Amino acid sequence: MIQARGVTKRYGDKTAVDDLTFTVRPGVVTGFLGPNGAGKSTTMRMILGLDSPTSGEVTVNGKRYAQHSAPLHEVGALLEAKAVHTGRSAYNHLLALALTTGIPRRRVDKVIDLVGLRDVARRRVGGFSLGMGQRLGVAAALLGDPSTLVLDEPVNGLDPEGILWIRNLLRALAAEGRTVFVSSHLMSEMALTAEHLVVIGRGRLIADVSVREFTDRASSAVVRVRTPEDGRLRDLLVGADVSVTSVEPGVLEVVGLTSEAIGRIACDQAVPLVELTPVQASLEAAFMELTQDAVEFRVDTDGGERGVERSAA
Amino acid sequence: MSTGTLTEGSAPGGPHAGLAVHLPDDLKVTQWRVVRSEWLKFWSLRSSYITLAAMVLSMVAFGVLFSAVTANRWPVLPAAARLRFDATDTSLRGFELAQLIVGVLGVLIVTGEYSTGMIRATMSAAPTRLPVIWAKIAVFGVVTYVVGTVTAFVSFFVGQALLSSQHIQTTLSAAGVLRAVLGVGLYLTVVGLLGVALGWIIRSTAGGIATLFGLLLVLPALGEALPDSWSQHIVPYLPSDAGQSVTTVHPDPGSLAPWTGFGWFCVYALVGFVLAVVLVRRRDA
């Protein structure tokens with residue numbers, strides 16, 4: 001369980017993370033989503049006590065990370081950049097970490113097998129491919145059998161097989177009752193892996209919801225209608241809560257009516273329909289829509305520059 | 001390739017079932033465990049062996065060179081030069097180069113972690129951070145003291161053996177000689193630790209090495225440029241001048257007494273570590 005309460009991090013006059021409050025619960029994979037530069041990595045570093053918040057507090061299982069007597073047993077972390085000395089072998093890297101906490105050697109062998117690095121474990125990490133480096137990072141994260149995992153962009157640079165491996169691993173870890181917190185800027189990846197989402201933009205919390213809720217909330221339930229009599233249908237549909245836009249001649253996009261209702265009206269009024277499609281907002285689209293709101297919100301609070309920022313966006 | 005092995009050998013369903021199997025109950029970060037970790041970290045890098053070997057070789061080789069050349073030229077050496085000759089200094093002179101090598105290694109054991117990102121793994125494993133500083137001092141201090149002292153004795157004995165061809169050698173029992181030989185090992189140890197402190201403070205390899213060389217080599221040169229009335233009060237207290245007073249049998253009249261000078265040198269290293277502790281605690285890793 002990870003809890004962030006009013007966490008703010010400033011570097012000089014730049015605010016990287018702004019009054020962030022959220023909870024990551026055990027048992028499910030929680031995606032940490034945001035565009036590049038949104039403050040994801042900074043937040044993860046604060047969870048691990050590498051950066052200290054300017055104000056607010058992050059706790060893991062009720063304590064700040066540094067207050068745990070065996071932190072590797074509480075939280076396993078894979079940080080974005082490789083946190084490994086390139087001159088050391090994978091085995092010695094893991095063993096050095098294990099020694100600090102009294103984790104036995106056979107545990108090191110175990111995680112090396114688990115991530116599939118046995119054949120290269122005695123080789124220097126400097127020669128590792130990006131994918132092997134990520135696997136080593138996962139091995140380090142699992143070393144202390146932590147109840148909480150924090151993984152920053154774990155699929156970066158992995159091949160399709162590696163991506164599938166990470167995805168299954170994360171789900172299995174969550175299914176074992178662990179807290180799994182995974183950042184990504186790839187919505188499509190999170191759609192496949194995560195059940196819950198914490199979304200941030202420009203350091204601020206945008207959403208803390210389930211994946212389903214997230215798409216529902218963002219989706220405006222657009223229905224696409226293709227008809228030769230688009231002018232007549234538009235007049236029939238338009239109302240107080242219904243907006244109709246003409247995308248191209250013969251194609252309308254309707255917001256505010258279900259496809260069922262539109263079909264019924266068209267049938268009653270004998271309007272021939274060529275196509276009637278509810279457009280499900282993808283996670284990607286939902287994300288774009290929500291982060292755009294965040295951008296506009298920020299511009300509002302800054303005042304004055306609204307028009308400029310909008311046209312730029 | 002390893003998909004599905006997560007829960008291998010474990011009862012399905014229960015929390016932590018897959019990975020808890022092998023872990024003892026006393027998982028805990030202790031100072032001794034961090035020292036063991038740093039010991040492994042030091043000896044698991046090729047650069048540690050190469051740098052230590054370079055230090056040993058340079059010191060012994062220069063001791064051999066100076067001793068052999070002196071012995072060879074002794075019959076033709078003018079009286080004034082004979083008067084300046086010191087058998088101990090001649091055999092130990094190689095430490096002038098060895099100090100730079102050991103200082104660089106000291107900087108590197110810290111900055112190597114910052115440049116590669118390893119520091120984040122280190123600080124995640126021991127998030128109170130200070131145990132890492134103490135552990136690096138302990139490991140590097142012990143290694144450089146042992147290697148430095150053994151090398152000093154080897155240089156001394158080989159040098160004296162070469163000088164004995166002209167019967168100008170000295171022995172450990174002569175006044176001040178044993179102190180000078182042991183002093184070389186101590187001096188090298190503190191130079192290395194000064195490098196470690198600078199590594200923590202500056203965090204960049206180039207910056208750390210430049211600062212160390214500046215302190216050891218450039219400051220004395222600048223000090224010499226001062227008017228005599230000033231320099232005689234300043235130069236003896238500069239890090240390398242103070243520290244090296246313990247390494248020579250007959251210190252210059254103007255320099256500090258051997259152990260007083262070495263004490264000053266230790267104070268500089270201590271100040272470095274106080275600064276390092278303050279910065280490491282406050283800074284983001």
# chains A, B, ... in the order shown; residues from 1 in each chain; ligands from 1
call {"tool": "select_by_dssp", "arguments": {"residues": "stretch 42-108 of chain A", "states": "strand (DSSP E or B)", "output": "list in words"}}
result
Ser55, Gly56, Glu57, Val58, Thr59, Val60, Lys63, Val75, Gly76, Ala77, Leu78 and Ser89 of chain A
call {"tool": "residues_around", "arguments": {"residues": "A:Ile2", "least_positions_apart": "5", "cutoff": "9 Å", "atoms": "only C-alpha atoms", "output": "JSON, numbers by chain"}}
result
{"A": [22, 23, 24, 25, 26, 47, 58, 59, 60, 61, 62, 148, 179, 181]}
call {"tool": "write_last_selection", "arguments": {"atoms": "C-alpha atoms", "output": "CSV table (one decimal), in the first residue's frame"}}
result
chain,number,residue,atom,x,y,z
A,22,PHE,CA,-3.4,9.2,-4.0
A,23,THR,CA,-3.5,5.7,-2.7
A,24,VAL,CA,-2.1,2.6,-4.4
A,25,ARG,CA,-3.8,-0.6,-3.1
A,26,PRO,CA,-2.6,-4.1,-3.0
A,47,ILE,CA,8.3,6.9,-2.8
A,58,VAL,CA,4.7,9.5,0.9
A,59,THR,CA,4.4,6.4,3.0
A,60,VAL,CA,4.7,2.7,2.1
A,61,ASN,CA,2.8,0.3,4.4
A,62,GLY,CA,2.3,3.2,6.8
A,148,THR,CA,5.1,-3.4,-2.9
A,179,THR,CA,0.8,-3.7,-4.4
A,181,PHE,CA,2.6,0.5,-9.2
call {"tool": "interface_residues", "arguments": {"of": "chain A", "to": "chain B", "cutoff": "6 Å", "atoms": "only C-alpha atoms", "output": "count of residues only"}}
result
21
call {"tool": "residues_around", "arguments": {"residues": "stretch 236-238 of chain B", "least_positions_apart": "4", "cutoff": "8 Å", "atoms": "only C-alpha atoms", "output": "ChimeraX atom specification"}}
result
/B:219-220,232,242,254-256,261,264
call {"tool": "atom_distance", "arguments": {"atom1": "atom CA of B:Arg281", "atom2": "atom CA of A:Thr43"}}
result
19.1 Å
